[in-house]
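A.B. asks: Sharing a structure here in structure tokens format.
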Amino acid sequence: MPRSQEQWSWEFSPRGLPPTGYGVATSGGRIVGIQAYIPLTMRFAGERVLTGKDEDTLVHPDYRGRGILDRLYELIIERAEQSGVAMLWGFTNTAVRPLLRNGFRSLGTFDSMTLTVGSGGGHGALAGGREVTVEEIKSPDARMDRFADLFASQSGGMGLDLSAEFLRWRVFENPFRAYKVFAAVEGGDIVGVGVFKAEPQRRTGYVSDLAALSDAGPGLRAIQCGLLAAGIDYFKSQGFSIVEARAAGDHRYNRELRSLLADVGFNRVTVANPPEFLVRPVAMDSPAVLDMANWRICELMREY
């Protein structure tokens, strides 16, 4: 389906960040190739860094093999350098070789786990989370910013900046998909956030992100259980049959989260050609960003 103007503007228009890097190749007055990155603020060891999410890698079949994509990458990497982008990153299972050729490194695969709703399994493992106070968030506020700071410091490594500004753009104003956001609350403060995406056409729900503080009163696992229970209840109410999560990689938080997902009944999906996670350092040339164990990968890092 072609993107509407609203969708294109939402995805690529500046949001108080340096301009998007978007390269276009033309021939005979028509577009024959595109390559872009979306500026995104992330957290590295708790600190904010500007990154670029690799997107829109496409060359018309009649024009492939002519070096067009390499020339497009020259343009957007130059833009990234000028804008102070720390690194470019993205997921693909179709354009891996061109990315490797242009300085990207493949750090690992973007693996998924799925749960068949109503299948029984270990759903009882969520019972402990029913005592956690969970509320739906309709609009992010300053509490989300405080939570984002604490979570980034606790989780460490590289991950999304779950600020109110980011969630407002990425989730609440998203013209492509419908989301539900739940917060675990203690003493009026947010101690956990669950972001859940709905795809009615596929009767599938996604655990887009599940972030929780490790030192909050209820405990990390109880908070995660409470948020996950709220998300699964929402998907059940929509008649969905499948729930998918992508807490991939060896980041310590993701390892613990996958353990919970497995206890609840999620099973790892094995595919022949899984998407790969690739990173290209630009302004930040640190070995840490080329170690998958330092990346808190989640489904919310996908395009939309």
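Simple scheme: letters A, B, ... for chains in structure tokens order, numbers from 1 for residues in each chain, numbers from 1 for ligands in the order shown.
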DSSP on the backbone: what in range 98-299 of chain A comes out alpha helix (DSSP H), as a PyMOL selection string?
C.D. replies: chain A and resi 98-101+142-155+164-167+220-237+252-264
A.B. asks: Go ahead and write the residues just picked, N, CA and C atoms, as a compact mmCIF listing (two decimals), in the first residue's frame.
C.D. replies:
# COMPACT_ATOMS: atom_id res chain seq x y z
N PRO A 98 24.43 -5.10 0.66
CA PRO A 98 24.71 -3.68 0.43
C PRO A 98 25.08 -2.93 1.71
N LEU A 99 24.45 -3.28 2.82
CA LEU A 99 24.77 -2.61 4.08
C LEU A 99 26.19 -2.95 4.53
N LEU A 100 26.54 -4.24 4.45
CA LEU A 100 27.90 -4.64 4.83
C LEU A 100 28.93 -3.94 3.95
N ARG A 101 28.60 -3.78 2.69
CA ARG A 101 29.51 -3.13 1.75
C ARG A 101 29.72 -1.65 2.09
N ALA A 142 5.04 14.18 32.27
CA ALA A 142 6.36 14.29 32.90
C ALA A 142 6.74 13.04 33.67
N ARG A 143 5.74 12.29 34.15
CA ARG A 143 6.07 11.04 34.85
C ARG A 143 6.82 10.09 33.94
N MET A 144 6.48 10.10 32.65
CA MET A 144 7.15 9.22 31.69
C MET A 144 8.61 9.62 31.53
N ASP A 145 8.89 10.92 31.55
CA ASP A 145 10.27 11.38 31.44
C ASP A 145 11.09 10.92 32.63
N ARG A 146 10.51 11.00 33.83
CA ARG A 146 11.24 10.54 35.02
C ARG A 146 11.50 9.05 34.94
N PHE A 147 10.49 8.30 34.49
CA PHE A 147 10.68 6.86 34.33
C PHE A 147 11.77 6.56 33.30
N ALA A 148 11.75 7.27 32.17
CA ALA A 148 12.73 7.03 31.10
C ALA A 148 14.15 7.24 31.62
N ASP A 149 14.35 8.28 32.44
CA ASP A 149 15.69 8.53 33.00
C ASP A 149 16.13 7.39 33.90
N LEU A 150 15.23 6.96 34.79
CA LEU A 150 15.58 5.89 35.73
C LEU A 150 15.82 4.57 35.00
N PHE A 151 14.94 4.24 34.06
CA PHE A 151 15.08 2.97 33.35
C PHE A 151 16.36 2.94 32.52
N ALA A 152 16.68 4.04 31.84
CA ALA A 152 17.90 4.07 31.03
C ALA A 152 19.14 3.88 31.90
N SER A 153 19.14 4.46 33.10
CA SER A 153 20.29 4.30 33.99
C SER A 153 20.40 2.87 34.51
N GLN A 154 19.25 2.26 34.83
CA GLN A 154 19.26 0.91 35.38
C GLN A 154 19.58 -0.15 34.33
N SER A 155 18.99 -0.02 33.16
CA SER A 155 19.14 -1.07 32.15
C SER A 155 20.49 -1.01 31.48
N ALA A 164 8.43 11.07 27.12
CA ALA A 164 7.08 11.45 26.71
C ALA A 164 7.09 11.92 25.26
N GLU A 165 8.11 12.68 24.87
CA GLU A 165 8.18 13.20 23.50
C GLU A 165 8.29 12.07 22.49
N PHE A 166 9.16 11.09 22.77
CA PHE A 166 9.33 9.99 21.84
C PHE A 166 8.05 9.17 21.73
N LEU A 167 7.44 8.81 22.86
CA LEU A 167 6.23 7.99 22.82
C LEU A 167 5.07 8.74 22.18
N LEU A 220 10.77 -6.44 39.94
CA LEU A 220 10.85 -6.40 38.48
C LEU A 220 9.87 -7.36 37.83
N ARG A 221 9.89 -8.61 38.25
CA ARG A 221 9.07 -9.62 37.58
C ARG A 221 7.58 -9.36 37.79
N ALA A 222 7.21 -8.92 38.99
CA ALA A 222 5.80 -8.64 39.25
C ALA A 222 5.31 -7.50 38.37
N ILE A 223 6.14 -6.48 38.19
CA ILE A 223 5.75 -5.35 37.32
C ILE A 223 5.60 -5.83 35.88
N GLN A 224 6.57 -6.61 35.42
CA GLN A 224 6.49 -7.13 34.05
C GLN A 224 5.25 -7.99 33.88
N CYS A 225 4.94 -8.82 34.88
CA CYS A 225 3.75 -9.68 34.80
C CYS A 225 2.47 -8.84 34.75
N GLY A 226 2.42 -7.79 35.56
CA GLY A 226 1.23 -6.95 35.57
C GLY A 226 0.99 -6.28 34.24
N LEU A 227 2.06 -5.76 33.65
CA LEU A 227 1.94 -5.10 32.34
C LEU A 227 1.59 -6.10 31.24
N LEU A 228 2.25 -7.26 31.28
CA LEU A 228 1.99 -8.27 30.26
C LEU A 228 0.56 -8.80 30.36
N ALA A 229 0.07 -8.97 31.58
CA ALA A 229 -1.31 -9.43 31.77
C ALA A 229 -2.29 -8.42 31.19
N ALA A 230 -2.03 -7.12 31.40
CA ALA A 230 -2.92 -6.09 30.85
C ALA A 230 -2.90 -6.13 29.32
N GLY A 231 -1.72 -6.32 28.73
CA GLY A 231 -1.62 -6.38 27.28
C GLY A 231 -2.32 -7.59 26.70
N ILE A 232 -2.13 -8.76 27.32
CA ILE A 232 -2.77 -9.97 26.82
C ILE A 232 -4.28 -9.89 26.98
N ASP A 233 -4.74 -9.31 28.09
CA ASP A 233 -6.19 -9.12 28.27
C ASP A 233 -6.75 -8.24 27.16
N TYR A 234 -6.00 -7.20 26.80
CA TYR A 234 -6.45 -6.32 25.71
C TYR A 234 -6.53 -7.09 24.39
N PHE A 235 -5.51 -7.88 24.09
CA PHE A 235 -5.52 -8.65 22.84
C PHE A 235 -6.66 -9.67 22.83
N LYS A 236 -6.91 -10.29 23.97
CA LYS A 236 -8.04 -11.23 24.05
C LYS A 236 -9.35 -10.52 23.75
N SER A 237 -9.51 -9.30 24.28
CA SER A 237 -10.75 -8.56 24.06
C SER A 237 -10.95 -8.21 22.60
N ARG A 252 21.23 -8.02 29.18
CA ARG A 252 20.80 -8.74 30.40
C ARG A 252 19.32 -8.54 30.69
N TYR A 253 18.79 -7.36 30.41
CA TYR A 253 17.35 -7.14 30.63
C TYR A 253 16.53 -8.03 29.71
N ASN A 254 16.94 -8.13 28.47
CA ASN A 254 16.19 -8.96 27.52
C ASN A 254 16.28 -10.44 27.87
N ARG A 255 17.41 -10.88 28.38
CA ARG A 255 17.52 -12.29 28.79
C ARG A 255 16.49 -12.60 29.88
N GLU A 256 16.36 -11.70 30.86
CA GLU A 256 15.40 -11.92 31.94
C GLU A 256 13.96 -11.86 31.41
N LEU A 257 13.72 -10.93 30.49
CA LEU A 257 12.37 -10.81 29.94
C LEU A 257 11.99 -12.04 29.13
N ARG A 258 12.93 -12.57 28.35
CA ARG A 258 12.63 -13.78 27.58
C ARG A 258 12.34 -14.96 28.50
N SER A 259 13.00 -14.99 29.65
CA SER A 259 12.73 -16.06 30.62
C SER A 259 11.28 -15.98 31.10
N LEU A 260 10.81 -14.77 31.39
CA LEU A 260 9.42 -14.60 31.79
C LEU A 260 8.48 -14.99 30.66
N LEU A 261 8.77 -14.53 29.45
CA LEU A 261 7.91 -14.86 28.31
C LEU A 261 7.81 -16.37 28.13
N ALA A 262 8.93 -17.06 28.28
CA ALA A 262 8.91 -18.52 28.15
C ALA A 262 8.05 -19.16 29.24
N ASP A 263 8.15 -18.64 30.48
CA ASP A 263 7.35 -19.19 31.57
C ASP A 263 5.86 -19.01 31.33
N VAL A 264 5.50 -17.92 30.65
CA VAL A 264 4.10 -17.62 30.38
C VAL A 264 3.56 -18.47 29.24
A.B. asks: List the neighbours of Val289 in chain A out to 12 Å using only C-alpha atoms; skip same-chain residues closer than 2 positions along the sequence, and give me the result as an mmCIF file with N, CA and C atoms, in the first residue's frame.
C.D. replies:
data_model
loop_
_atom_site.group_PDB
_atom_site.id
_atom_site.type_symbol
_atom_site.label_atom_id
_atom_site.label_comp_id
_atom_site.auth_asym_id
_atom_site.auth_seq_id
_atom_site.Cartn_x
_atom_site.Cartn_y
_atom_site.Cartn_z
ATOM 1 N N ARG A 43 19.319 6.073 24.167
ATOM 2 C CA ARG A 43 20.098 6.169 25.405
ATOM 3 C C ARG A 43 21.271 5.199 25.333
ATOM 4 N N PHE A 44 22.455 5.719 25.608
ATOM 5 C CA PHE A 44 23.646 4.883 25.692
ATOM 6 C C PHE A 44 24.251 5.091 27.076
ATOM 7 N N ALA A 45 24.229 4.026 27.893
ATOM 8 C CA ALA A 45 24.705 4.110 29.281
ATOM 9 C C ALA A 45 23.986 5.238 30.021
ATOM 10 N N VAL A 49 21.873 9.997 22.974
ATOM 11 C CA VAL A 49 22.715 10.093 21.781
ATOM 12 C C VAL A 49 21.806 10.133 20.560
ATOM 13 N N THR A 51 20.909 9.027 16.922
ATOM 14 C CA THR A 51 21.184 7.921 16.000
ATOM 15 C C THR A 51 20.306 8.083 14.759
ATOM 16 N N ALA A 86 25.453 9.586 15.838
ATOM 17 C CA ALA A 86 26.432 8.674 16.433
ATOM 18 C C ALA A 86 26.597 7.405 15.620
ATOM 19 N N MET A 87 25.467 6.870 15.124
ATOM 20 C CA MET A 87 25.511 5.613 14.383
ATOM 21 C C MET A 87 24.227 5.451 13.591
ATOM 22 N N LEU A 88 24.294 4.670 12.536
ATOM 23 C CA LEU A 88 23.115 4.232 11.795
ATOM 24 C C LEU A 88 22.844 2.775 12.167
ATOM 25 N N TRP A 89 21.569 2.389 12.202
ATOM 26 C CA TRP A 89 21.228 1.017 12.559
ATOM 27 C C TRP A 89 19.904 0.636 11.895
ATOM 28 N N PHE A 104 28.385 -1.214 7.461
ATOM 29 C CA PHE A 104 27.564 -1.758 8.532
ATOM 30 C C PHE A 104 28.167 -3.080 9.020
ATOM 31 N N ARG A 105 27.873 -3.397 10.281
ATOM 32 C CA ARG A 105 28.240 -4.691 10.850
ATOM 33 C C ARG A 105 26.977 -5.405 11.301
ATOM 34 N N SER A 106 26.868 -6.688 10.971
ATOM 35 C CA SER A 106 25.737 -7.480 11.437
ATOM 36 C C SER A 106 26.051 -7.998 12.838
ATOM 37 N N LEU A 107 25.205 -7.611 13.818
ATOM 38 C CA LEU A 107 25.482 -7.965 15.210
ATOM 39 C C LEU A 107 24.731 -9.213 15.668
ATOM 40 N N GLY A 157 23.567 0.030 28.646
ATOM 41 C CA GLY A 157 23.696 -0.287 27.234
ATOM 42 C C GLY A 157 22.986 0.723 26.363
ATOM 43 N N MET A 158 22.537 0.267 25.180
ATOM 44 C CA MET A 158 21.870 1.119 24.199
ATOM 45 C C MET A 158 20.423 0.697 24.059
ATOM 46 N N GLY A 159 19.513 1.662 24.139
ATOM 47 C CA GLY A 159 18.106 1.353 23.996
ATOM 48 C C GLY A 159 17.308 2.590 23.660
ATOM 49 N N PHE A 277 20.242 -7.597 12.573
ATOM 50 C CA PHE A 277 20.394 -6.263 13.158
ATOM 51 C C PHE A 277 21.785 -5.757 12.791
ATOM 52 N N LEU A 278 21.821 -4.617 12.091
ATOM 53 C CA LEU A 278 23.082 -4.091 11.579
ATOM 54 C C LEU A 278 23.322 -2.672 12.093
ATOM 55 N N VAL A 279 24.576 -2.371 12.373
ATOM 56 C CA VAL A 279 24.959 -1.066 12.922
ATOM 57 C C VAL A 279 26.153 -0.532 12.156
ATOM 58 N N ARG A 280 26.130 0.774 11.860
ATOM 59 C CA ARG A 280 27.281 1.443 11.252
ATOM 60 C C ARG A 280 27.675 2.639 12.109
ATOM 61 N N PRO A 281 28.817 2.571 12.802
ATOM 62 C CA PRO A 281 29.255 3.744 13.570
ATOM 63 C C PRO A 281 29.500 4.936 12.649
ATOM 64 N N VAL A 282 29.143 6.120 13.112
ATOM 65 C CA VAL A 282 29.411 7.352 12.360
ATOM 66 C C VAL A 282 30.230 8.267 13.260
ATOM 67 N N ALA A 283 29.567 9.046 14.118
ATOM 68 C CA ALA A 283 30.307 9.939 15.014
ATOM 69 C C ALA A 283 30.822 9.206 16.253
ATOM 70 N N MET A 284 30.213 8.102 16.632
ATOM 71 C CA MET A 284 30.625 7.349 17.816
ATOM 72 C C MET A 284 31.326 6.067 17.372
ATOM 73 N N ASP A 285 32.608 6.025 17.533
ATOM 74 C CA ASP A 285 33.390 4.856 17.134
ATOM 75 C C ASP A 285 33.819 4.098 18.381
ATOM 76 N N SER A 286 32.827 3.433 19.006
ATOM 77 C CA SER A 286 33.087 2.707 20.245
ATOM 78 C C SER A 286 32.814 1.229 20.030
ATOM 79 N N PRO A 287 33.708 0.349 20.486
ATOM 80 C CA PRO A 287 33.457 -1.090 20.344
ATOM 81 C C PRO A 287 32.149 -1.517 21.000
ATOM 82 N N ASP A 291 28.531 -4.476 19.887
ATOM 83 C CA ASP A 291 28.309 -5.685 20.683
ATOM 84 C C ASP A 291 26.809 -5.818 20.927
ATOM 85 N N MET A 292 26.193 -6.862 20.377
ATOM 86 C CA MET A 292 24.749 -7.070 20.496
ATOM 87 C C MET A 292 24.305 -7.126 21.957
ATOM 88 N N ALA A 293 25.186 -7.552 22.854
ATOM 89 C CA ALA A 293 24.826 -7.653 24.259
ATOM 90 C C ALA A 293 24.579 -6.294 24.889
ATOM 91 N N ASN A 294 24.999 -5.235 24.225
ATOM 92 C CA ASN A 294 24.792 -3.887 24.750
ATOM 93 C C ASN A 294 23.521 -3.236 24.209
ATOM 94 N N TRP A 295 22.796 -3.929 23.334
ATOM 95 C CA TRP A 295 21.593 -3.359 22.725
ATOM 96 C C TRP A 295 20.347 -3.992 23.317
ATOM 97 N N ARG A 296 19.453 -3.137 23.864
ATOM 98 C CA ARG A 296 18.163 -3.633 24.371
ATOM 99 C C ARG A 296 17.176 -3.580 23.208
#
A.B. asks: Write out as JSON, numbers by chain the set of residues from range 81-179 of chain A that DSSP, computed on the backbone, places in strand (DSSP E or B).
C.D. replies: {"A": [87, 88, 89, 90, 91, 92, 105, 106, 107, 108, 109, 113, 114, 115, 116, 134, 135, 136, 158, 159, 160, 178, 179]}
A.B. asks: Would you output that residue set with N, CA and C atoms, as a PDB file, in the first residue's frame?
C.D. replies:
ATOM      1  N   MET A  87      25.467   6.870  15.124  1.00  0.00           N
ATOM      2  CA  MET A  87      25.511   5.613  14.383  1.00  0.00           C
ATOM      3  C   MET A  87      24.227   5.451  13.591  1.00  0.00           C
ATOM      4  N   LEU A  88      24.294   4.670  12.536  1.00  0.00           N
ATOM      5  CA  LEU A  88      23.115   4.232  11.795  1.00  0.00           C
ATOM      6  C   LEU A  88      22.844   2.775  12.167  1.00  0.00           C
ATOM      7  N   TRP A  89      21.569   2.389  12.202  1.00  0.00           N
ATOM      8  CA  TRP A  89      21.228   1.017  12.559  1.00  0.00           C
ATOM      9  C   TRP A  89      19.904   0.636  11.895  1.00  0.00           C
ATOM     10  N   GLY A  90      19.688  -0.672  11.755  1.00  0.00           N
ATOM     11  CA  GLY A  90      18.440  -1.109  11.155  1.00  0.00           C
ATOM     12  C   GLY A  90      18.339  -2.622  11.102  1.00  0.00           C
ATOM     13  N   PHE A  91      17.196  -3.093  10.601  1.00  0.00           N
ATOM     14  CA  PHE A  91      16.912  -4.520  10.489  1.00  0.00           C
ATOM     15  C   PHE A  91      16.613  -4.846   9.033  1.00  0.00           C
ATOM     16  N   THR A  92      17.159  -5.942   8.533  1.00  0.00           N
ATOM     17  CA  THR A  92      16.821  -6.383   7.185  1.00  0.00           C
ATOM     18  C   THR A  92      17.212  -7.850   7.016  1.00  0.00           C
ATOM     19  N   ARG A 105      27.873  -3.397  10.281  1.00  0.00           N
ATOM     20  CA  ARG A 105      28.240  -4.691  10.850  1.00  0.00           C
ATOM     21  C   ARG A 105      26.977  -5.405  11.301  1.00  0.00           C
ATOM     22  N   SER A 106      26.868  -6.688  10.971  1.00  0.00           N
ATOM     23  CA  SER A 106      25.737  -7.480  11.437  1.00  0.00           C
ATOM     24  C   SER A 106      26.051  -7.998  12.838  1.00  0.00           C
ATOM     25  N   LEU A 107      25.205  -7.611  13.818  1.00  0.00           N
ATOM     26  CA  LEU A 107      25.482  -7.965  15.210  1.00  0.00           C
ATOM     27  C   LEU A 107      24.731  -9.213  15.668  1.00  0.00           C
ATOM     28  N   GLY A 108      23.671  -9.578  14.962  1.00  0.00           N
ATOM     29  CA  GLY A 108      22.882 -10.731  15.366  1.00  0.00           C
ATOM     30  C   GLY A 108      21.533 -10.710  14.673  1.00  0.00           C
ATOM     31  N   THR A 109      20.647 -11.600  15.091  1.00  0.00           N
ATOM     32  CA  THR A 109      19.340 -11.707  14.439  1.00  0.00           C
ATOM     33  C   THR A 109      18.240 -11.129  15.328  1.00  0.00           C
ATOM     34  N   MET A 113       9.365 -14.350  19.590  1.00  0.00           N
ATOM     35  CA  MET A 113       8.691 -15.373  20.371  1.00  0.00           C
ATOM     36  C   MET A 113       7.195 -15.142  20.221  1.00  0.00           C
ATOM     37  N   THR A 114       6.414 -16.218  20.172  1.00  0.00           N
ATOM     38  CA  THR A 114       4.970 -16.052  20.009  1.00  0.00           C
ATOM     39  C   THR A 114       4.205 -16.874  21.036  1.00  0.00           C
ATOM     40  N   LEU A 115       3.019 -16.369  21.352  1.00  0.00           N
ATOM     41  CA  LEU A 115       2.098 -17.026  22.264  1.00  0.00           C
ATOM     42  C   LEU A 115       0.768 -17.202  21.560  1.00  0.00           C
ATOM     43  N   THR A 116       0.201 -18.405  21.626  1.00  0.00           N
ATOM     44  CA  THR A 116      -1.148 -18.623  21.123  1.00  0.00           C
ATOM     45  C   THR A 116      -2.130 -18.288  22.244  1.00  0.00           C
ATOM     46  N   VAL A 134      -1.983  -1.122  37.638  1.00  0.00           N
ATOM     47  CA  VAL A 134      -1.715  -0.853  36.223  1.00  0.00           C
ATOM     48  C   VAL A 134      -2.816   0.056  35.688  1.00  0.00           C
ATOM     49  N   GLU A 135      -2.434   1.095  34.981  1.00  0.00           N
ATOM     50  CA  GLU A 135      -3.404   2.018  34.391  1.00  0.00           C
ATOM     51  C   GLU A 135      -3.054   2.262  32.930  1.00  0.00           C
ATOM     52  N   GLU A 136      -4.065   2.545  32.137  1.00  0.00           N
ATOM     53  CA  GLU A 136      -3.821   2.869  30.735  1.00  0.00           C
ATOM     54  C   GLU A 136      -3.359   4.319  30.625  1.00  0.00           C
ATOM     55  N   MET A 158      22.537   0.267  25.180  1.00  0.00           N
ATOM     56  CA  MET A 158      21.870   1.119  24.199  1.00  0.00           C
ATOM     57  C   MET A 158      20.423   0.697  24.059  1.00  0.00           C
ATOM     58  N   GLY A 159      19.513   1.662  24.139  1.00  0.00           N
ATOM     59  CA  GLY A 159      18.106   1.353  23.996  1.00  0.00           C
ATOM     60  C   GLY A 159      17.308   2.590  23.660  1.00  0.00           C
ATOM     61  N   LEU A 160      16.029   2.404  23.400  1.00  0.00           N
ATOM     62  CA  LEU A 160      15.155   3.524  23.077  1.00  0.00           C
ATOM     63  C   LEU A 160      15.053   4.490  24.249  1.00  0.00           C
ATOM     64  N   ALA A 178      -2.474   1.009  15.566  1.00  0.00           N
ATOM     65  CA  ALA A 178      -3.113   1.356  16.831  1.00  0.00           C
ATOM     66  C   ALA A 178      -2.346   0.710  17.985  1.00  0.00           C
ATOM     67  N   TYR A 179      -2.136   1.465  19.051  1.00  0.00           N
ATOM     68  CA  TYR A 179      -1.389   0.993  20.215  1.00  0.00           C
ATOM     69  C   TYR A 179      -2.210   1.161  21.485  1.00  0.00           C
TER      70      TYR A 179
END
A.B. asks: What is the distance between CA of Arg15 in chain A and CA of Gly192 in chain A, in Å to one decimal?
C.D. replies: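 That distance, rounded to one decimal, is 25.6 Å.
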